[in-house]
Amino acid sequence: MTTQDLPSTAGNPESSGRTIPPASVARLTIYLRALNSLLAEGVERASSEELAEAAGVKSPMLRKDLSYLGSYGTRGVGYDVQLLTRTISARLGLTQEWRVAIIGAGNLGRALAGYSGFTTRGFEVAAIFDADPSIIGTEIGGLKIHNTADLETVLHRTGANMVVLAVPGRVAQDLCDKLVAAGITSILSFAPVVLQVPPHVQVRKVDMATELQILAYHAQRAQESELDSETRARKAQ
Ligand SMILES: NC(=O)c1ccc[n+]([C@@H]2O[C@H](COP(=O)([O-])OP(=O)(O)OC[C@H]3O[C@@H](n4cnc5c(N)ncnc54)[C@H](O)[C@@H]3O)[C@@H](O)[C@H]2O)c1
């Protein structure tokens with residue numbers, strides 16, 4: 001193997017406590033997915049090049065990202081796939097139990113409640129809420145839909161410590177305030193609004209429309225440069 005892995009800082013408590021930049025945290029989740037695939041294939045060791053390729057990044061970037069964890073690779077030998085999987089999982093907080101409450105049992109909330117990928121990655125859907133009397137008390141995937149009027153009580157009873165907001169934008173801030181008051185500090189919001197929260201609360205916003213707009217920009221740039229090169233080719237004839 002031609003791997004050039006990390007400088008040896010293994011077990012260094014300082015490096016394990018370093019704050020990891022958000023972009024690197026996002027990539028660690030991708031490495032974890034790649035590592036899980038390697039584990040499933042029975043691969044025990046992987047070079048940084050192999051791992052970078054599986055994750056779709058360049059190997060210097062992968063090595064830099066992994067350096068925030070300390071060192072788990074050995075020059076010429078590569079990474080112990082199992083150890084690196086455990087280390088990334090631990091650093092991402094995935095070795096503790098996360099219990100997710102979904103608020104909004106509409107199209108999106110129902111789809112998320114039935115998504116098996118949550119459980120396999122350590123996130124258990126613990127409760128579902130809605131405000132519509134016609135669906136409160138009915139079940140999705142074995143979970144009863146609770147009334148948001150009982151939000152705080154049910155959150156505490158079910159031990160939910162993370163919330164997915166799948167409600168219309170107009171009610172999202174009010175619900176968010178109630179969640180903060182109930183002690184929730186991690187919120188994933190699909191609502192198309194900017195949520196105001198105190199500094200100790202983390203909000204991640206998922207916005208597919210924005211992602212599509214970014215894709216549209218890149219697609220348009222690609223079309224423009226194709227047109228440019230066609231024009232240049234015609235002029236050169
Ligand atoms: N970010 C994305 O990529 C993305 C994609 C799809 C939808 N969305 C957004 O997600 C949200 C849900 O979309 P949907 O298609 O599931 O809508 P939907 O209308 O099917 O479902 C919304 C649900 O929220 C419930 N609700 C309304 N007020 C409530 C309150 N105060 N407390 C609890 N529940 C309440 C409604 O009764 C309904 O069941 C919307 O804000 C939508 O814009 C985002």
# chains A, B, ... in the order shown; residues from 1 in each chain; ligands from 1
$ residues_near_ligand --ligand "ligand 1" --cutoff "7 Å" --atoms "only C-alpha atoms and all ligand atoms" --output "NGL selection string"
:A and (103-109 or 129-132 or 148 or 166-169 or 171 or 175 or 190-192 or 206-209)
$ select_by_dssp --residues "range 118-204 of chain A" --states "strand (DSSP E)" --output "PyMOL selection string"
chain A and resi 123-130+139-140+143-147+162-165+186-189+202-204
$ write_last_selection --atoms "N, CA and C atoms" --output "PDB file, in the first residue's frame"
ATOM      1  N   PHE A 123     -30.605   6.293  15.610  1.00  0.00           N
ATOM      2  CA  PHE A 123     -31.605   7.290  16.001  1.00  0.00           C
ATOM      3  C   PHE A 123     -32.974   6.617  16.060  1.00  0.00           C
ATOM      4  N   GLU A 124     -33.494   6.540  17.265  1.00  0.00           N
ATOM      5  CA  GLU A 124     -34.794   5.869  17.397  1.00  0.00           C
ATOM      6  C   GLU A 124     -35.913   6.906  17.426  1.00  0.00           C
ATOM      7  N   VAL A 125     -36.930   6.697  16.604  1.00  0.00           N
ATOM      8  CA  VAL A 125     -38.075   7.624  16.655  1.00  0.00           C
ATOM      9  C   VAL A 125     -38.872   7.278  17.918  1.00  0.00           C
ATOM     10  N   ALA A 126     -38.902   8.247  18.856  1.00  0.00           N
ATOM     11  CA  ALA A 126     -39.492   7.974  20.163  1.00  0.00           C
ATOM     12  C   ALA A 126     -40.914   8.509  20.277  1.00  0.00           C
ATOM     13  N   ALA A 127     -41.244   9.528  19.487  1.00  0.00           N
ATOM     14  CA  ALA A 127     -42.583  10.121  19.601  1.00  0.00           C
ATOM     15  C   ALA A 127     -42.914  10.921  18.353  1.00  0.00           C
ATOM     16  N   ILE A 128     -44.205  11.000  18.062  1.00  0.00           N
ATOM     17  CA  ILE A 128     -44.680  11.808  16.927  1.00  0.00           C
ATOM     18  C   ILE A 128     -45.813  12.700  17.430  1.00  0.00           C
ATOM     19  N   PHE A 129     -45.790  13.940  16.950  1.00  0.00           N
ATOM     20  CA  PHE A 129     -46.808  14.901  17.396  1.00  0.00           C
ATOM     21  C   PHE A 129     -47.497  15.538  16.195  1.00  0.00           C
ATOM     22  N   ASP A 130     -48.716  15.979  16.424  1.00  0.00           N
ATOM     23  CA  ASP A 130     -49.401  16.811  15.437  1.00  0.00           C
ATOM     24  C   ASP A 130     -50.467  17.609  16.194  1.00  0.00           C
ATOM     25  N   GLU A 139     -52.115   5.934  14.636  1.00  0.00           N
ATOM     26  CA  GLU A 139     -50.739   5.439  14.744  1.00  0.00           C
ATOM     27  C   GLU A 139     -49.981   5.500  13.430  1.00  0.00           C
ATOM     28  N   ILE A 140     -48.679   5.712  13.528  1.00  0.00           N
ATOM     29  CA  ILE A 140     -47.778   5.567  12.370  1.00  0.00           C
ATOM     30  C   ILE A 140     -46.686   4.603  12.820  1.00  0.00           C
ATOM     31  N   LEU A 143     -46.381   3.858  16.425  1.00  0.00           N
ATOM     32  CA  LEU A 143     -46.279   4.977  17.379  1.00  0.00           C
ATOM     33  C   LEU A 143     -47.543   5.818  17.308  1.00  0.00           C
ATOM     34  N   LYS A 144     -48.072   6.120  18.480  1.00  0.00           N
ATOM     35  CA  LYS A 144     -49.295   6.938  18.536  1.00  0.00           C
ATOM     36  C   LYS A 144     -48.950   8.394  18.262  1.00  0.00           C
ATOM     37  N   ILE A 145     -49.807   9.075  17.502  1.00  0.00           N
ATOM     38  CA  ILE A 145     -49.581  10.513  17.266  1.00  0.00           C
ATOM     39  C   ILE A 145     -50.129  11.282  18.469  1.00  0.00           C
ATOM     40  N   HIS A 146     -49.216  12.016  19.131  1.00  0.00           N
ATOM     41  CA  HIS A 146     -49.610  12.796  20.313  1.00  0.00           C
ATOM     42  C   HIS A 146     -50.009  14.203  19.923  1.00  0.00           C
ATOM     43  N   ASN A 147     -50.791  14.814  20.790  1.00  0.00           N
ATOM     44  CA  ASN A 147     -51.193  16.202  20.622  1.00  0.00           C
ATOM     45  C   ASN A 147     -50.025  17.116  21.025  1.00  0.00           C
ATOM     46  N   MET A 162     -33.900  14.854  20.753  1.00  0.00           N
ATOM     47  CA  MET A 162     -33.658  15.496  19.470  1.00  0.00           C
ATOM     48  C   MET A 162     -35.016  15.630  18.791  1.00  0.00           C
ATOM     49  N   VAL A 163     -35.196  16.716  18.035  1.00  0.00           N
ATOM     50  CA  VAL A 163     -36.519  16.898  17.417  1.00  0.00           C
ATOM     51  C   VAL A 163     -36.391  17.218  15.940  1.00  0.00           C
ATOM     52  N   VAL A 164     -37.256  16.588  15.160  1.00  0.00           N
ATOM     53  CA  VAL A 164     -37.366  16.929  13.737  1.00  0.00           C
ATOM     54  C   VAL A 164     -38.653  17.728  13.571  1.00  0.00           C
ATOM     55  N   LEU A 165     -38.525  18.938  13.025  1.00  0.00           N
ATOM     56  CA  LEU A 165     -39.702  19.781  12.797  1.00  0.00           C
ATOM     57  C   LEU A 165     -40.158  19.608  11.353  1.00  0.00           C
ATOM     58  N   SER A 186     -31.319  20.145  20.358  1.00  0.00           N
ATOM     59  CA  SER A 186     -30.954  19.736  18.994  1.00  0.00           C
ATOM     60  C   SER A 186     -32.215  19.632  18.145  1.00  0.00           C
ATOM     61  N   ILE A 187     -32.270  20.480  17.117  1.00  0.00           N
ATOM     62  CA  ILE A 187     -33.474  20.523  16.278  1.00  0.00           C
ATOM     63  C   ILE A 187     -33.078  20.446  14.806  1.00  0.00           C
ATOM     64  N   LEU A 188     -33.735  19.542  14.092  1.00  0.00           N
ATOM     65  CA  LEU A 188     -33.552  19.472  12.641  1.00  0.00           C
ATOM     66  C   LEU A 188     -34.840  19.998  12.021  1.00  0.00           C
ATOM     67  N   SER A 189     -34.732  21.106  11.277  1.00  0.00           N
ATOM     68  CA  SER A 189     -35.949  21.730  10.779  1.00  0.00           C
ATOM     69  C   SER A 189     -36.075  21.642   9.265  1.00  0.00           C
ATOM     70  N   GLN A 202     -28.775  23.955  19.016  1.00  0.00           N
ATOM     71  CA  GLN A 202     -28.308  23.717  17.641  1.00  0.00           C
ATOM     72  C   GLN A 202     -29.500  23.477  16.732  1.00  0.00           C
ATOM     73  N   VAL A 203     -29.586  24.255  15.670  1.00  0.00           N
ATOM     74  CA  VAL A 203     -30.635  24.011  14.673  1.00  0.00           C
ATOM     75  C   VAL A 203     -29.959  23.699  13.349  1.00  0.00           C
ATOM     76  N   ARG A 204     -30.324  22.603  12.734  1.00  0.00           N
ATOM     77  CA  ARG A 204     -29.863  22.290  11.374  1.00  0.00           C
ATOM     78  C   ARG A 204     -31.088  22.389  10.485  1.00  0.00           C
TER      79      ARG A 204
END
$ atom_distance --atom1 "CA of Val180 in chain A" --atom2 "CA of Val201 in chain A"
7.5 Å
$ closest_residue --among "A:His200, A:Arg86, A:Arg45, A:Arg91" --to "Ser24 in chain A" --atoms "only C-alpha atoms"
A:Arg91
$ select_by_dssp --residues "range 8-166 of chain A" --states "helix (DSSP H, G or I)" --output "ChimeraX atom specification"
/A:13-17,22-40,48-55,59-67,81-91,107-113,116-120,148-158
$ write_last_selection --atoms "C-alpha atoms" --output "PDB file, in the first residue's frame"
ATOM      1  CA  PRO A  13      -6.416  13.370  24.858  1.00  0.00           C
ATOM      2  CA  GLU A  14      -5.898  16.910  23.575  1.00  0.00           C
ATOM      3  CA  SER A  15      -6.555  15.952  19.981  1.00  0.00           C
ATOM      4  CA  SER A  16      -9.628  13.952  20.943  1.00  0.00           C
ATOM      5  CA  GLY A  17     -11.045  17.083  22.611  1.00  0.00           C
ATOM      6  CA  PRO A  22     -18.315  22.012  10.706  1.00  0.00           C
ATOM      7  CA  ALA A  23     -17.238  21.057   7.154  1.00  0.00           C
ATOM      8  CA  SER A  24     -15.021  18.292   8.580  1.00  0.00           C
ATOM      9  CA  VAL A  25     -17.844  17.068  10.834  1.00  0.00           C
ATOM     10  CA  ALA A  26     -20.049  16.785   7.738  1.00  0.00           C
ATOM     11  CA  ARG A  27     -17.334  14.783   5.946  1.00  0.00           C
ATOM     12  CA  LEU A  28     -16.782  12.506   8.971  1.00  0.00           C
ATOM     13  CA  THR A  29     -20.358  11.303   8.516  1.00  0.00           C
ATOM     14  CA  ILE A  30     -19.495  10.444   4.902  1.00  0.00           C
ATOM     15  CA  TYR A  31     -16.330   8.570   5.981  1.00  0.00           C
ATOM     16  CA  LEU A  32     -18.434   6.675   8.477  1.00  0.00           C
ATOM     17  CA  ARG A  33     -20.828   5.565   5.756  1.00  0.00           C
ATOM     18  CA  ALA A  34     -17.887   4.483   3.575  1.00  0.00           C
ATOM     19  CA  LEU A  35     -16.299   2.641   6.515  1.00  0.00           C
ATOM     20  CA  ASN A  36     -19.551   0.826   7.251  1.00  0.00           C
ATOM     21  CA  SER A  37     -19.662  -0.374   3.633  1.00  0.00           C
ATOM     22  CA  LEU A  38     -16.058  -1.587   3.913  1.00  0.00           C
ATOM     23  CA  LEU A  39     -16.894  -3.376   7.174  1.00  0.00           C
ATOM     24  CA  ALA A  40     -19.873  -5.039   5.499  1.00  0.00           C
ATOM     25  CA  SER A  48      -6.260   6.790   3.059  1.00  0.00           C
ATOM     26  CA  GLU A  49      -6.450   6.717  -0.750  1.00  0.00           C
ATOM     27  CA  GLU A  50      -8.919   3.820  -0.682  1.00  0.00           C
ATOM     28  CA  LEU A  51     -11.010   5.436   1.996  1.00  0.00           C
ATOM     29  CA  ALA A  52     -10.912   8.829   0.268  1.00  0.00           C
ATOM     30  CA  GLU A  53     -12.032   7.240  -2.984  1.00  0.00           C
ATOM     31  CA  ALA A  54     -14.878   5.401  -1.260  1.00  0.00           C
ATOM     32  CA  ALA A  55     -15.971   8.696   0.318  1.00  0.00           C
ATOM     33  CA  SER A  59      -6.911  11.880   0.354  1.00  0.00           C
ATOM     34  CA  PRO A  60      -5.099  14.978   1.779  1.00  0.00           C
ATOM     35  CA  MET A  61      -8.503  16.299   2.837  1.00  0.00           C
ATOM     36  CA  LEU A  62      -9.399  12.966   4.424  1.00  0.00           C
ATOM     37  CA  ARG A  63      -6.096  12.889   6.335  1.00  0.00           C
ATOM     38  CA  LYS A  64      -6.624  16.462   7.511  1.00  0.00           C
ATOM     39  CA  ASP A  65     -10.173  15.657   8.680  1.00  0.00           C
ATOM     40  CA  LEU A  66      -9.027  12.525  10.497  1.00  0.00           C
ATOM     41  CA  SER A  67      -6.209  14.449  12.156  1.00  0.00           C
ATOM     42  CA  VAL A  81     -11.420  -0.031   9.565  1.00  0.00           C
ATOM     43  CA  GLN A  82     -13.151  -1.214  12.744  1.00  0.00           C
ATOM     44  CA  LEU A  83     -11.164   1.087  15.035  1.00  0.00           C
ATOM     45  CA  LEU A  84     -11.691   4.112  12.806  1.00  0.00           C
ATOM     46  CA  THR A  85     -15.430   3.359  12.596  1.00  0.00           C
ATOM     47  CA  ARG A  86     -15.637   3.223  16.393  1.00  0.00           C
ATOM     48  CA  THR A  87     -13.571   6.386  16.798  1.00  0.00           C
ATOM     49  CA  ILE A  88     -15.607   8.456  14.351  1.00  0.00           C
ATOM     50  CA  SER A  89     -18.869   7.141  15.823  1.00  0.00           C
ATOM     51  CA  ALA A  90     -17.752   8.066  19.330  1.00  0.00           C
ATOM     52  CA  ARG A  91     -16.599  11.528  18.270  1.00  0.00           C
ATOM     53  CA  ASN A 107     -46.459  13.922   4.200  1.00  0.00           C
ATOM     54  CA  LEU A 108     -42.909  14.523   5.341  1.00  0.00           C
ATOM     55  CA  GLY A 109     -43.336  13.533   8.997  1.00  0.00           C
ATOM     56  CA  ARG A 110     -44.921  10.232   8.006  1.00  0.00           C
ATOM     57  CA  ALA A 111     -42.198   9.463   5.499  1.00  0.00           C
ATOM     58  CA  LEU A 112     -39.503  10.247   8.081  1.00  0.00           C
ATOM     59  CA  ALA A 113     -41.234   8.183  10.758  1.00  0.00           C
ATOM     60  CA  SER A 116     -35.495   2.678   8.508  1.00  0.00           C
ATOM     61  CA  GLY A 117     -32.178   4.521   8.041  1.00  0.00           C
ATOM     62  CA  PHE A 118     -32.725   6.381  11.337  1.00  0.00           C
ATOM     63  CA  THR A 119     -32.730   3.230  13.440  1.00  0.00           C
ATOM     64  CA  THR A 120     -29.805   1.622  11.650  1.00  0.00           C
ATOM     65  CA  THR A 148     -48.625  19.019  20.540  1.00  0.00           C
ATOM     66  CA  ALA A 149     -50.518  20.452  23.520  1.00  0.00           C
ATOM     67  CA  ASP A 150     -48.824  17.635  25.511  1.00  0.00           C
ATOM     68  CA  LEU A 151     -45.408  18.332  23.990  1.00  0.00           C
ATOM     69  CA  GLU A 152     -43.328  18.819  27.143  1.00  0.00           C
ATOM     70  CA  THR A 153     -44.854  15.940  29.102  1.00  0.00           C
ATOM     71  CA  VAL A 154     -44.496  13.440  26.253  1.00  0.00           C
ATOM     72  CA  LEU A 155     -40.973  14.574  25.375  1.00  0.00           C
ATOM     73  CA  HIS A 156     -39.891  13.940  28.956  1.00  0.00           C
ATOM     74  CA  ARG A 157     -41.776  10.671  29.273  1.00  0.00           C
ATOM     75  CA  THR A 158     -40.326   9.242  26.063  1.00  0.00           C
TER      76      THR A 158
END
$ atom_distance --atom1 "CA of Thr210 in chain A" --atom2 "CA of Val194 in chain A"
13.3 Å
$ atom_distance --atom1 "CA of Tyr115 in chain A" --atom2 "CA of Leu212 in chain A"
22.2 Å
